[in-house]
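The file protein_32.cif comes next; it holds mmCIF, C-alpha atoms and all ligand atoms.
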data_final
loop_
_atom_site.label_atom_id
_atom_site.label_comp_id
_atom_site.auth_asym_id
_atom_site.auth_seq_id
_atom_site.Cartn_x
_atom_site.Cartn_y
_atom_site.Cartn_z
CA MET A 1 158.34 138.52 -8.71
CA ILE A 2 156.76 136.46 -5.94
CA ASN A 3 154.88 133.53 -7.41
CA VAL A 4 151.91 131.88 -5.79
CA THR A 5 154.01 128.79 -5.26
CA LYS A 6 157.62 127.70 -5.59
CA ALA A 7 158.70 124.10 -5.88
CA TYR A 8 161.10 122.89 -3.21
CA LEU A 9 164.43 121.62 -4.55
CA PRO A 10 166.52 119.43 -2.26
CA PRO A 11 170.30 119.94 -1.99
CA LEU A 12 171.70 119.04 -5.41
CA ALA A 13 174.33 116.73 -3.89
CA GLU A 14 171.60 114.65 -2.30
CA TYR A 15 169.71 114.24 -5.58
CA SER A 16 173.01 113.52 -7.38
CA GLN A 17 173.68 110.55 -5.14
CA TYR A 18 170.50 108.96 -6.40
CA LEU A 19 171.54 109.83 -9.97
CA GLU A 20 174.83 108.02 -9.49
CA GLY A 21 172.90 104.89 -8.55
CA ILE A 22 170.71 105.25 -11.64
CA TRP A 23 173.82 105.60 -13.83
CA GLU A 24 175.43 102.54 -12.24
CA ARG A 25 172.38 100.36 -12.72
CA GLY A 26 171.28 101.76 -16.08
CA TRP A 27 167.70 101.14 -14.88
CA LEU A 28 165.66 104.26 -15.66
CA THR A 29 162.02 103.24 -15.48
CA ASN A 30 159.63 100.24 -15.34
CA ASN A 31 159.41 99.60 -11.61
CA GLY A 32 163.05 100.22 -10.73
CA PRO A 33 164.50 100.05 -7.21
CA LEU A 34 163.89 103.74 -6.44
CA VAL A 35 160.23 103.49 -7.45
CA GLN A 36 159.92 100.40 -5.25
CA GLN A 37 161.64 102.19 -2.36
CA LEU A 38 159.37 105.22 -2.70
CA GLU A 39 156.27 103.01 -2.74
CA THR A 40 157.47 101.22 0.41
CA ASP A 41 158.08 104.55 2.15
CA LEU A 42 154.72 105.91 1.01
CA ASN A 43 152.94 102.81 2.30
CA GLN A 44 154.52 103.41 5.66
CA TYR A 45 153.73 107.14 5.69
CA LEU A 46 150.13 106.64 4.52
CA ASP A 47 149.20 103.48 6.46
CA GLY A 48 148.64 101.80 3.10
CA SER A 49 149.83 98.49 1.79
CA GLN A 50 149.26 98.89 -1.95
CA VAL A 51 150.30 102.45 -2.85
CA GLN A 52 151.27 102.79 -6.50
CA PHE A 53 153.41 105.61 -7.82
CA LEU A 54 152.00 106.95 -11.10
CA SER A 55 152.99 109.56 -13.64
CA ASN A 56 150.59 112.26 -12.40
CA GLY A 57 147.48 112.91 -10.34
CA THR A 58 145.19 113.08 -13.38
CA ILE A 59 146.09 109.65 -14.71
CA ALA A 60 145.65 108.43 -11.12
CA LEU A 61 142.02 109.63 -11.22
CA GLN A 62 141.41 108.09 -14.63
CA ILE A 63 142.93 104.74 -13.66
CA ALA A 64 140.99 104.81 -10.37
CA ILE A 65 137.68 105.15 -12.23
CA LYS A 66 138.72 102.36 -14.61
CA ALA A 67 139.98 100.04 -11.87
CA LEU A 68 136.75 100.37 -9.88
CA ASP A 69 134.88 99.61 -13.13
CA LEU A 70 132.61 102.64 -12.79
CA SER A 71 129.97 103.63 -15.29
CA GLY A 72 126.89 105.85 -15.38
CA GLU A 73 126.76 108.74 -12.93
CA ILE A 74 129.45 109.76 -10.47
CA ILE A 75 128.51 112.24 -7.76
CA THR A 76 131.23 114.84 -7.46
CA THR A 77 132.16 118.29 -6.27
CA PRO A 78 132.06 121.43 -8.39
CA PHE A 79 134.77 123.05 -6.23
CA SER A 80 138.01 121.37 -7.29
CA TYR A 81 140.67 121.47 -9.95
CA VAL A 82 139.34 120.80 -13.45
CA ALA A 83 141.02 117.36 -13.56
CA THR A 84 138.50 115.98 -11.05
CA THR A 85 135.66 116.55 -13.52
CA THR A 86 137.53 115.86 -16.76
CA ALA A 87 138.75 112.48 -15.46
CA ILE A 88 135.08 111.46 -15.04
CA LEU A 89 134.18 112.67 -18.53
CA TRP A 90 137.32 111.09 -20.05
CA GLU A 91 136.23 107.73 -18.65
CA ASN A 92 132.80 108.16 -20.27
CA CYS A 93 130.98 108.66 -17.01
CA GLU A 94 128.68 111.52 -16.15
CA PRO A 95 129.58 113.95 -13.36
CA VAL A 96 126.63 114.86 -11.14
CA PHE A 97 127.49 117.93 -9.10
CA VAL A 98 126.48 118.29 -5.47
CA ASP A 99 127.10 121.69 -3.93
CA ILE A 100 129.73 122.32 -1.28
CA GLU A 101 129.45 123.11 2.37
CA ASP A 102 130.20 126.75 3.20
CA GLN A 103 132.65 126.02 6.04
CA THR A 104 135.01 123.42 4.56
CA PHE A 105 134.36 124.08 0.85
CA CYS A 106 134.17 120.28 0.44
CA ILE A 107 131.15 118.44 -0.98
CA ASP A 108 128.13 118.76 1.33
CA ALA A 109 127.51 115.19 2.50
CA ALA A 110 123.98 116.14 3.61
CA LYS A 111 123.06 116.86 -0.03
CA ILE A 112 124.50 113.67 -1.57
CA GLU A 113 121.57 111.31 -1.06
CA ALA A 114 119.14 113.55 -2.97
CA ALA A 115 121.41 113.27 -6.02
CA ILE A 116 121.61 109.47 -6.07
CA THR A 117 119.76 107.76 -8.95
CA PRO A 118 119.67 104.13 -10.12
CA ARG A 119 122.58 105.04 -12.43
CA THR A 120 124.87 106.31 -9.66
CA THR A 121 127.95 104.14 -9.13
CA ALA A 122 130.32 106.27 -7.06
CA ILE A 123 131.16 109.42 -5.17
CA LEU A 124 134.33 111.29 -6.18
CA ALA A 125 135.05 114.06 -3.70
CA THR A 126 138.02 116.38 -3.19
CA HIS A 127 139.64 117.20 0.15
CA VAL A 128 139.77 120.89 -0.71
CA TYR A 129 143.03 122.66 0.28
CA GLY A 130 143.77 119.60 2.42
CA TYR A 131 140.63 120.05 4.55
CA PRO A 132 138.83 116.74 4.93
CA CYS A 133 135.46 115.88 3.48
CA ASP A 134 133.05 114.42 6.01
CA VAL A 135 134.60 110.99 5.45
CA LEU A 136 132.44 109.20 8.04
CA ALA A 137 129.13 110.50 6.65
CA ILE A 138 130.23 109.72 3.08
CA GLU A 139 131.27 106.21 4.09
CA SER A 140 127.87 105.47 5.57
CA ILE A 141 126.00 106.90 2.54
CA ALA A 142 128.16 104.77 0.25
CA GLN A 143 127.43 101.65 2.30
CA ARG A 144 123.70 102.29 2.32
CA HIS A 145 123.57 102.75 -1.46
CA ASN A 146 126.33 100.37 -2.49
CA LEU A 147 128.51 103.07 -4.03
CA LYS A 148 132.29 103.25 -4.42
CA VAL A 149 134.16 106.20 -2.90
CA ILE A 150 137.15 107.88 -4.52
CA TYR A 151 138.86 110.81 -2.84
CA ASP A 152 140.82 113.24 -4.93
CA GLY A 153 143.50 113.77 -2.31
CA ALA A 154 145.77 115.94 -4.45
CA HIS A 155 145.91 118.44 -1.56
CA ALA A 156 145.75 115.97 1.29
CA PHE A 157 149.29 114.67 1.68
CA GLY A 158 150.37 114.80 5.32
CA VAL A 159 146.87 115.44 6.71
CA ARG A 160 145.54 113.20 9.48
CA VAL A 161 142.00 112.95 10.78
CA HIS A 162 140.48 110.68 13.45
CA GLY A 163 144.06 109.50 14.04
CA ARG A 164 144.57 108.23 10.46
CA PRO A 165 146.09 109.62 7.28
CA LEU A 166 143.31 111.35 5.32
CA LEU A 167 144.50 109.54 2.19
CA SER A 168 143.65 106.19 3.78
CA TYR A 169 139.88 106.83 3.52
CA GLY A 170 137.60 105.67 0.72
CA ASP A 171 137.85 102.65 -1.56
CA LEU A 172 140.93 104.48 -2.71
CA ALA A 173 142.41 107.95 -2.74
CA THR A 174 144.40 109.58 -5.49
CA CYS A 175 147.17 112.05 -4.90
CA SER A 176 149.20 114.43 -7.06
CA PHE A 177 152.93 114.90 -6.57
CA HIS A 178 153.15 117.74 -9.08
CA ALA A 179 155.88 120.34 -8.49
CA THR A 180 153.29 122.80 -7.10
CA LYS A 181 152.09 120.42 -4.39
CA LEU A 182 153.25 120.19 -0.77
CA PHE A 183 155.11 116.92 -1.42
CA HIS A 184 156.33 116.61 -5.00
CA THR A 185 158.24 114.36 -7.37
CA VAL A 186 158.38 117.01 -10.19
CA GLU A 187 155.53 115.24 -11.98
CA GLY A 188 153.86 112.34 -10.26
CA GLY A 189 150.88 110.95 -8.48
CA ALA A 190 149.64 107.90 -6.65
CA ILE A 191 146.71 105.72 -5.85
CA VAL A 192 146.50 104.87 -2.17
CA MET A 193 144.63 101.64 -1.43
CA ASN A 194 144.75 98.44 0.57
CA ASP A 195 142.83 95.99 -1.58
CA GLU A 196 145.12 93.53 -3.38
CA GLU A 197 142.80 92.78 -6.28
CA LEU A 198 142.20 96.47 -6.91
CA ALA A 199 145.95 97.02 -6.81
CA ARG A 200 146.46 94.32 -9.42
CA ASN A 201 143.99 96.10 -11.72
CA VAL A 202 145.74 99.42 -11.16
CA TRP A 203 149.05 97.75 -11.95
CA LEU A 204 147.70 96.39 -15.23
CA TYR A 205 146.05 99.65 -16.28
CA LYS A 206 149.21 101.65 -15.62
CA SER A 207 151.40 99.20 -17.58
CA PHE A 208 149.60 98.57 -20.88
CA GLY A 209 147.47 95.76 -19.47
CA HIS A 210 150.08 93.06 -19.77
CA ILE A 211 152.70 91.30 -17.68
CA GLY A 212 155.45 89.94 -19.90
CA ASP A 213 153.87 88.08 -22.77
CA GLU A 214 150.51 87.67 -21.04
CA TYR A 215 147.86 90.20 -22.11
CA PHE A 216 144.99 90.70 -19.68
CA THR A 217 143.23 93.95 -20.45
CA LEU A 218 143.31 97.34 -22.08
CA GLY A 219 145.83 99.65 -20.46
CA VAL A 220 147.72 102.92 -20.72
CA ASN A 221 151.16 104.09 -19.67
CA GLY A 222 150.74 105.52 -16.19
CA LYS A 223 154.12 104.49 -14.74
CA ASN A 224 156.67 106.86 -13.31
CA SER A 225 160.47 106.88 -13.50
CA GLU A 226 163.52 106.45 -11.28
CA PHE A 227 164.33 110.16 -11.67
CA HIS A 228 160.95 111.18 -10.30
CA ALA A 229 161.13 108.61 -7.51
CA ALA A 230 164.55 110.01 -6.53
CA MET A 231 163.03 113.48 -6.07
CA GLY A 232 160.33 111.90 -3.90
CA LEU A 233 162.89 110.07 -1.77
CA CYS A 234 164.71 113.37 -1.17
CA ASN A 235 161.52 115.27 -0.29
CA LEU A 236 159.50 112.76 1.73
CA PRO A 237 161.58 112.96 4.94
CA ARG A 238 161.16 116.76 4.85
CA VAL A 239 157.35 116.87 4.73
CA SER A 240 156.83 117.43 8.45
CA GLU A 241 159.35 120.29 8.37
CA PHE A 242 157.51 121.81 5.36
CA ILE A 243 154.25 121.65 7.32
CA ARG A 244 155.82 123.27 10.38
CA GLN A 245 157.26 126.14 8.32
CA ARG A 246 153.97 126.70 6.52
CA GLN A 247 152.06 126.75 9.78
CA GLN A 248 154.22 129.64 10.96
CA LEU A 249 153.60 131.58 7.75
CA ALA A 250 149.85 130.94 7.98
CA THR A 251 149.84 132.38 11.51
CA ILE A 252 151.51 135.56 10.24
CA TYR A 253 149.06 135.93 7.34
CA THR A 254 146.06 135.40 9.60
CA SER A 255 147.13 137.96 12.18
CA GLU A 256 148.26 140.56 9.61
CA LEU A 257 145.02 140.21 7.64
CA ALA A 258 142.78 140.63 10.70
CA GLY A 259 140.03 143.25 10.56
CA LEU A 260 139.32 142.90 6.82
CA GLY A 261 136.29 140.68 7.27
CA LEU A 262 137.85 137.95 5.14
CA GLN A 263 136.48 134.43 5.18
CA TYR A 264 138.65 131.32 5.49
CA PRO A 265 137.70 127.67 5.19
CA ALA A 266 136.95 126.64 8.75
CA PRO A 267 136.53 122.91 9.34
CA ALA A 268 134.95 122.05 12.66
CA GLU A 269 136.69 118.65 12.88
CA PRO A 270 138.61 118.64 16.18
CA SER A 271 140.82 115.65 15.32
CA LEU A 272 142.25 117.37 12.23
CA GLU A 273 146.05 117.55 11.86
CA TYR A 274 146.31 119.97 8.94
CA ASN A 275 149.05 120.24 6.30
CA TYR A 276 148.85 123.96 5.42
CA ALA A 277 148.86 123.11 1.74
CA TYR A 278 147.38 126.43 0.58
CA PHE A 279 146.46 129.85 1.90
CA PRO A 280 143.06 130.73 0.42
CA ILE A 281 141.08 133.83 1.37
CA VAL A 282 137.53 134.68 0.41
CA PHE A 283 136.73 138.36 -0.12
CA ALA A 284 133.41 140.07 0.53
CA SER A 285 132.83 140.50 -3.21
CA GLU A 286 134.24 139.47 -6.57
CA SER A 287 135.16 143.10 -7.30
CA GLN A 288 137.21 143.33 -4.10
CA MET A 289 138.98 140.10 -5.08
CA HIS A 290 139.86 141.58 -8.49
CA GLN A 291 140.98 144.83 -6.91
CA VAL A 292 143.38 143.00 -4.57
CA LYS A 293 144.61 140.63 -7.28
CA GLU A 294 145.48 143.51 -9.60
CA TYR A 295 147.03 145.61 -6.85
CA LEU A 296 149.29 142.71 -5.79
CA LEU A 297 150.25 142.05 -9.41
CA SER A 298 151.26 145.69 -9.80
CA HIS A 299 153.67 144.98 -6.91
CA GLU A 300 154.95 141.84 -8.66
CA ILE A 301 153.05 139.41 -6.49
CA SER A 302 151.02 136.73 -8.20
CA THR A 303 147.95 135.06 -6.76
CA ARG A 304 145.68 132.41 -8.16
CA ARG A 305 141.93 132.05 -8.55
CA TYR A 306 141.89 128.55 -7.19
CA PHE A 307 139.33 127.22 -7.84
CA PHE A 308 137.64 129.14 -10.60
CA PRO A 309 135.35 128.54 -12.39
CA SER A 310 133.00 126.36 -10.42
CA LEU A 311 133.19 123.10 -12.42
CA ASN A 312 129.44 122.97 -13.14
CA LYS A 313 130.08 126.02 -15.35
CA LEU A 314 132.76 124.66 -17.68
CA PRO A 315 132.24 125.76 -21.30
CA TYR A 316 132.24 122.15 -22.55
CA HIS A 317 130.13 120.65 -19.80
CA THR A 318 127.47 122.26 -17.66
CA GLY A 319 125.84 120.74 -14.64
CA ALA A 320 123.10 121.68 -12.19
CA ASP A 321 123.39 124.97 -10.32
CA CYS A 322 125.62 124.94 -7.25
CA PRO A 323 125.11 128.38 -5.73
CA ILE A 324 127.61 128.05 -2.86
CA SER A 325 130.43 126.76 -5.06
CA GLU A 326 129.73 129.39 -7.72
CA ASP A 327 129.72 132.13 -5.10
CA ILE A 328 132.92 131.03 -3.32
CA SER A 329 134.78 130.42 -6.58
CA ARG A 330 134.08 134.00 -7.70
CA ARG A 331 135.48 135.49 -4.48
CA VAL A 332 138.36 133.20 -3.53
CA LEU A 333 142.04 133.87 -4.05
CA CYS A 334 145.06 131.78 -3.06
CA LEU A 335 147.97 133.86 -1.78
CA PRO A 336 151.67 133.07 -2.28
CA PHE A 337 152.45 130.19 0.06
CA TYR A 338 155.49 127.94 0.18
CA GLN A 339 157.92 126.99 2.89
CA ASP A 340 160.80 129.27 1.95
CA LEU A 341 158.63 132.35 1.54
CA ALA A 342 160.20 134.92 3.90
CA PRO A 343 158.07 136.01 6.88
CA ALA A 344 158.87 139.60 5.90
CA ASP A 345 157.32 138.98 2.48
CA VAL A 346 154.22 137.50 4.09
CA ARG A 347 153.85 140.66 6.18
CA ARG A 348 154.38 142.86 3.12
CA ILE A 349 151.79 140.94 1.08
CA ALA A 350 149.28 141.23 3.93
CA GLN A 351 149.94 144.99 4.25
CA LEU A 352 149.42 145.44 0.50
CA ILE A 353 146.10 143.60 0.80
CA GLN A 354 145.14 145.89 3.69
CA ALA A 355 146.00 148.89 1.54
CA ALA A 356 144.10 147.58 -1.49
CA CYS A 357 140.98 146.99 0.59
CA ARG A 358 140.99 150.47 2.10
C1 LIG B 1 146.86 119.08 -8.96
C2 LIG B 1 145.51 118.49 -8.89
C3 LIG B 1 145.12 117.44 -9.74
C4 LIG B 1 145.96 116.98 -10.89
O1 LIG B 1 147.17 116.45 -10.56
P1 LIG B 1 148.36 116.42 -11.66
O2 LIG B 1 149.44 115.68 -10.96
O3 LIG B 1 148.72 117.85 -11.94
O4 LIG B 1 147.84 115.72 -12.85
C5 LIG B 1 143.87 116.87 -9.54
N1 LIG B 1 143.04 117.30 -8.58
C6 LIG B 1 143.36 118.32 -7.76
C7 LIG B 1 142.40 118.74 -6.71
C8 LIG B 1 144.59 118.97 -7.91
O5 LIG B 1 144.90 119.99 -7.12
#
What is this structure when it is put down as structure tokens?
Amino acid sequence: MINVTKAYLPPLAEYSQYLEGIWERGWLTNNGPLVQQLETDLNQYLDGSQVQFLSNGTIALQIAIKALDLSGEIITTPFSYVATTTAILWENCEPVFVDIEDQTFCIDAAKIEAAITPRTTAILATHVYGYPCDVLAIESIAQRHNLKVIYDGAHAFGVRVHGRPLLSYGDLATCSFHATKLFHTVEGGAIVMNDEELARNVWLYKSFGHIGDEYFTLGVNGKNSEFHAAMGLCNLPRVSEFIRQRQQLATIYTSELAGLGLQYPAPAEPSLEYNYAYFPIVFASESQMHQVKEYLLSHEISTRRYFFPSLNKLPYHTGADCPISEDISRRVLCLPFYQDLAPADVRRIAQLIQAACR
């Protein structure tokens, strides 16, 4: 079976060295030395100064909304993973969906201002598949209307745009280090920010709202452990190699899939340094997508409808119509994509897709 993704595992001996240190110190969690080391390394990698390592990307979103003290309406994208919307609802705010742009599949910045009301407090947008939102346009809209900006950067690790890490844009960006992501710590996530006061709030919210015997605020447990940090320390130096390997596989897919009239996200941003986080393809119709998905599955190859459904169509929360997002989400499929996928398998998958479409 070829799965749509496969988590990278570093050489066991390398991870074991970190384990030996954990055993020696007997310090397993609560801001241990490996968590501190990972945060230092992430600050360096992401041009941040206040990165905090959290237990997952969803709690990162929830804490971000809390730490920015948001209420009322949050303008967001319908084309993302469900956690982007549920984090807003979980924090008792109201998601207001603005449709996506048909080239990048990210929120259409040109449609944001029409959705702003006196109750709007923020914009929460996703860098879909690692392709950047129009960060400069969103920044100027936010300034004009005094709104906060959160980026769900779960896919954006390793991406640079306008000469900066994509995760350094916005009042803050969240990231997921889940095992399925390009850079992972098994489970994990982060908030990337530079503001010290904001970082203090994040710190309190992730650690029960108290420091020692002093109780400041409500909080949850959003910390992460030494074991997860150790996985991150093993994987972080390998990220640029992962990206290079994935780029080669993407080139093979693209050339082997030529002639099928498939659509790909196509950002026009010339300064983009992409991370090849996913390999999504958009078919001409939903029925063709299903046909290919089933044909691949019959050859033991799994794919994923990512993202489906469009988040304005969730059974427990419906929002305004977003025709582009609804249309793309019905036709999109992510193909198997991870750094140690064999080039021969990529060719075989592409040939099966060619056969299924014929
Ligand atoms: C993976 C993902 C999340 C959730 O991250 P977890 O670490 O799994 O909680 C949120 N948003 C997007 C866009 C994601 O892809």
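By all atoms listed in the file, and with residues fewer than 6 positions from Asn275 in chain A along its chain excluded, the set lying at most 9 Å from it is Tyr129, Gly130, Tyr131, His155, Ala156, Phe157, Gly158, Val159, Arg160, Leu182, Ser240, Phe242, Ile243, Arg244, Arg246 and Gln247 of chain A.
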(request) Enter the distance from atom C8 of ligand LIG 1 (chain B) to CA of Leu166 in chain A, in Å, rounded to one decimal. (result) 15.3 Å
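Of the residues listed (A:Glu197, A:Asp152, A:Glu269, A:Glu294), A:Asp152 shows the shortest atom-to-atom separation from ligand LIG 1 (chain B); distances use all atoms listed in the file.
A straight line drawn from CA of Ile116 in chain A to CA of Leu311 in chain A is 19.0 Å long.
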Counting all atoms listed in the file, which residues in chain A sit no more than 10 Å from ligand LIG 1 (chain B)? For each one, give the nearest pair of atoms and the distance in Å, sorted by chain then residue number, as a tab-separated table.
residue	atom	partner	partner_atom	distance
A:Leu54	CA	B:LIG1	O2	9.1
A:Ser55	CA	B:LIG1	O2	7.6
A:Asn56	CA	B:LIG1	O2	3.9
A:Gly57	CA	B:LIG1	O2	3.4
A:Thr58	CA	B:LIG1	O4	3.8
A:Ile59	CA	B:LIG1	O4	6.6
A:Ala60	CA	B:LIG1	O4	7.8
A:Leu61	CA	B:LIG1	C5	7.7
A:Phe79	CA	B:LIG1	C7	8.8
A:Ser80	CA	B:LIG1	C7	5.2
A:Tyr81	CA	B:LIG1	C7	4.6
A:Val82	CA	B:LIG1	N1	7.0
A:Ala83	CA	B:LIG1	C5	5.0
A:Thr84	CA	B:LIG1	N1	5.3
A:Thr85	CA	B:LIG1	N1	8.9
A:Thr86	CA	B:LIG1	C5	9.7
A:Ala87	CA	B:LIG1	C5	9.0
A:Ala125	CA	B:LIG1	C7	9.2
A:Thr126	CA	B:LIG1	C7	6.1
A:His127	CA	B:LIG1	C7	7.6
A:Val128	CA	B:LIG1	C7	6.9
A:Tyr129	CA	B:LIG1	C7	8.0
A:Gly130	CA	B:LIG1	C7	9.3
A:Tyr151	CA	B:LIG1	C7	9.5
A:Asp152	CA	B:LIG1	N1	5.9
A:Gly153	CA	B:LIG1	C7	6.7
A:Ala154	CA	B:LIG1	C6	4.7
A:His155	CA	B:LIG1	O5	5.9
A:Ala156	CA	B:LIG1	C7	9.1
A:Thr174	CA	B:LIG1	C5	8.4
A:Cys175	CA	B:LIG1	O1	7.2
A:Ser176	CA	B:LIG1	O2	4.1
A:Phe177	CA	B:LIG1	O2	5.7
A:His178	CA	B:LIG1	O2	4.6
A:Ala179	CA	B:LIG1	O2	8.3
A:Thr180	CA	B:LIG1	C1	7.7
A:Lys181	CA	B:LIG1	C1	7.1
A:His184	CA	B:LIG1	O2	9.2
A:Thr185	CA	B:LIG1	O2	9.6
A:Val186	CA	B:LIG1	O2	9.1
A:Glu187	CA	B:LIG1	O2	6.2
A:Gly188	CA	B:LIG1	O2	5.6
A:Gly189	CA	B:LIG1	O2	5.5
A:Ala190	CA	B:LIG1	O2	8.9
A:Tyr306	CA	B:LIG1	O5	9.1
A:Phe307	CA	B:LIG1	C7	9.1
(message) Show me, as an NGL selection string, the residues that have an atom within 7 Å of Ser329 in chain A when counting all atoms listed in the file, minus same-chain residues fewer than 5 positions from it.
(response) :A and (307-310)
(request) For Leu335 in chain A, please output as a PyMOL selection string all residues within 10 Å (counting all atoms listed in the file; exclusion window: fewer than 5 positions along the same chain). (result) chain A and resi 3-5+253+278-281+293+296+301-306+346+349-350
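One distance worth recording is that between CA of Cys234 in chain A and CA of Gln44 in chain A, which is 15.8 Å.
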(request) Would you mind telling me which residue in A:Tyr316, A:Ile150, A:Gly32, A:Glu24 lies nearest to His228 in chain A when using only C-alpha atoms? (result) A:Gly32
(request) Determine the nearest neighbour of Asp102 in chain A from the options A:Ala122, A:Met1, A:Val161, A:Ala268, counting all atoms listed in the file. (result) A:Ala268
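Considering all atoms listed in the file, the residue among A:Pro95, A:Gly170, A:Val220, A:Ala229 positioned nearest to Tyr18 in chain A is A:Ala229.
Omitting Gln248 in chain A and its sequence neighbours fewer than 6 positions away, and counting all atoms listed in the file, the residues within 10 Å are Tyr276, Gln339 and Pro343 of chain A.
Considering all atoms listed in the file, the residue among A:Ile2, A:Leu38, A:Ala355, A:Val51 positioned nearest to Arg200 in chain A is A:Val51.
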Closest-contact table, range 305-337 of chain A side, partner range 284-292 of chain A, 8 Å, counting only C-alpha atoms, as a tab-separated table:
residue	atom	partner	partner_atom	distance
A:Arg330	CA	A:Glu286	CA	5.6
A:Arg331	CA	A:Glu286	CA	4.7
A:Val332	CA	A:Met289	CA	7.1
A:Leu333	CA	A:Met289	CA	7.0
(request) Just the residues within 8 Å of Ala356 in chain A, please, counting only C-alpha atoms, with nothing from its chain fewer than 2 positions along; format it as a count of residues only. (result) 7
Can I get range 87-100 of chain A with N, CA, C and O atoms filled in, as a compact mmCIF listing (two decimals), in the coordinates of the input?
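Now in selection03.txt:
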# COMPACT_ATOMS: atom_id res chain seq x y z
N ALA A 87 138.44 113.91 -15.58
CA ALA A 87 138.75 112.48 -15.46
C ALA A 87 137.45 111.66 -15.57
O ALA A 87 137.43 110.60 -16.20
N ILE A 88 136.38 112.16 -14.97
CA ILE A 88 135.08 111.46 -15.04
C ILE A 88 134.58 111.44 -16.49
O ILE A 88 134.19 110.39 -17.01
N LEU A 89 134.64 112.59 -17.15
CA LEU A 89 134.18 112.67 -18.53
C LEU A 89 135.05 111.81 -19.45
O LEU A 89 134.55 111.12 -20.34
N TRP A 90 136.37 111.85 -19.22
CA TRP A 90 137.32 111.09 -20.05
C TRP A 90 137.03 109.60 -19.98
O TRP A 90 137.24 108.87 -20.95
N GLU A 91 136.54 109.15 -18.83
CA GLU A 91 136.23 107.73 -18.65
C GLU A 91 134.77 107.44 -19.02
O GLU A 91 134.21 106.42 -18.61
N ASN A 92 134.18 108.35 -19.78
CA ASN A 92 132.80 108.16 -20.27
C ASN A 92 131.76 107.99 -19.18
O ASN A 92 130.77 107.29 -19.36
N CYS A 93 132.00 108.63 -18.06
CA CYS A 93 130.98 108.66 -17.01
C CYS A 93 130.42 110.09 -16.95
O CYS A 93 130.96 111.01 -17.55
N GLU A 94 129.34 110.23 -16.21
CA GLU A 94 128.68 111.52 -16.15
C GLU A 94 128.84 112.13 -14.76
O GLU A 94 128.39 111.55 -13.77
N PRO A 95 129.47 113.31 -14.67
CA PRO A 95 129.58 113.95 -13.36
C PRO A 95 128.24 114.54 -12.93
O PRO A 95 127.58 115.21 -13.73
N VAL A 96 127.85 114.27 -11.71
CA VAL A 96 126.63 114.86 -11.14
C VAL A 96 127.10 115.72 -9.96
O VAL A 96 127.62 115.19 -8.97
N PHE A 97 126.93 117.02 -10.09
CA PHE A 97 127.49 117.93 -9.10
C PHE A 97 126.58 118.09 -7.89
O PHE A 97 125.37 118.30 -8.04
N VAL A 98 127.18 118.00 -6.73
CA VAL A 98 126.48 118.29 -5.47
C VAL A 98 127.22 119.46 -4.83
O VAL A 98 128.46 119.46 -4.77
N ASP A 99 126.49 120.45 -4.41
CA ASP A 99 127.10 121.69 -3.93
C ASP A 99 127.96 121.45 -2.68
O ASP A 99 127.87 120.41 -2.02
N ILE A 100 128.80 122.44 -2.40
CA ILE A 100 129.73 122.32 -1.28
C ILE A 100 129.12 122.91 -0.02
O ILE A 100 128.12 123.63 -0.05
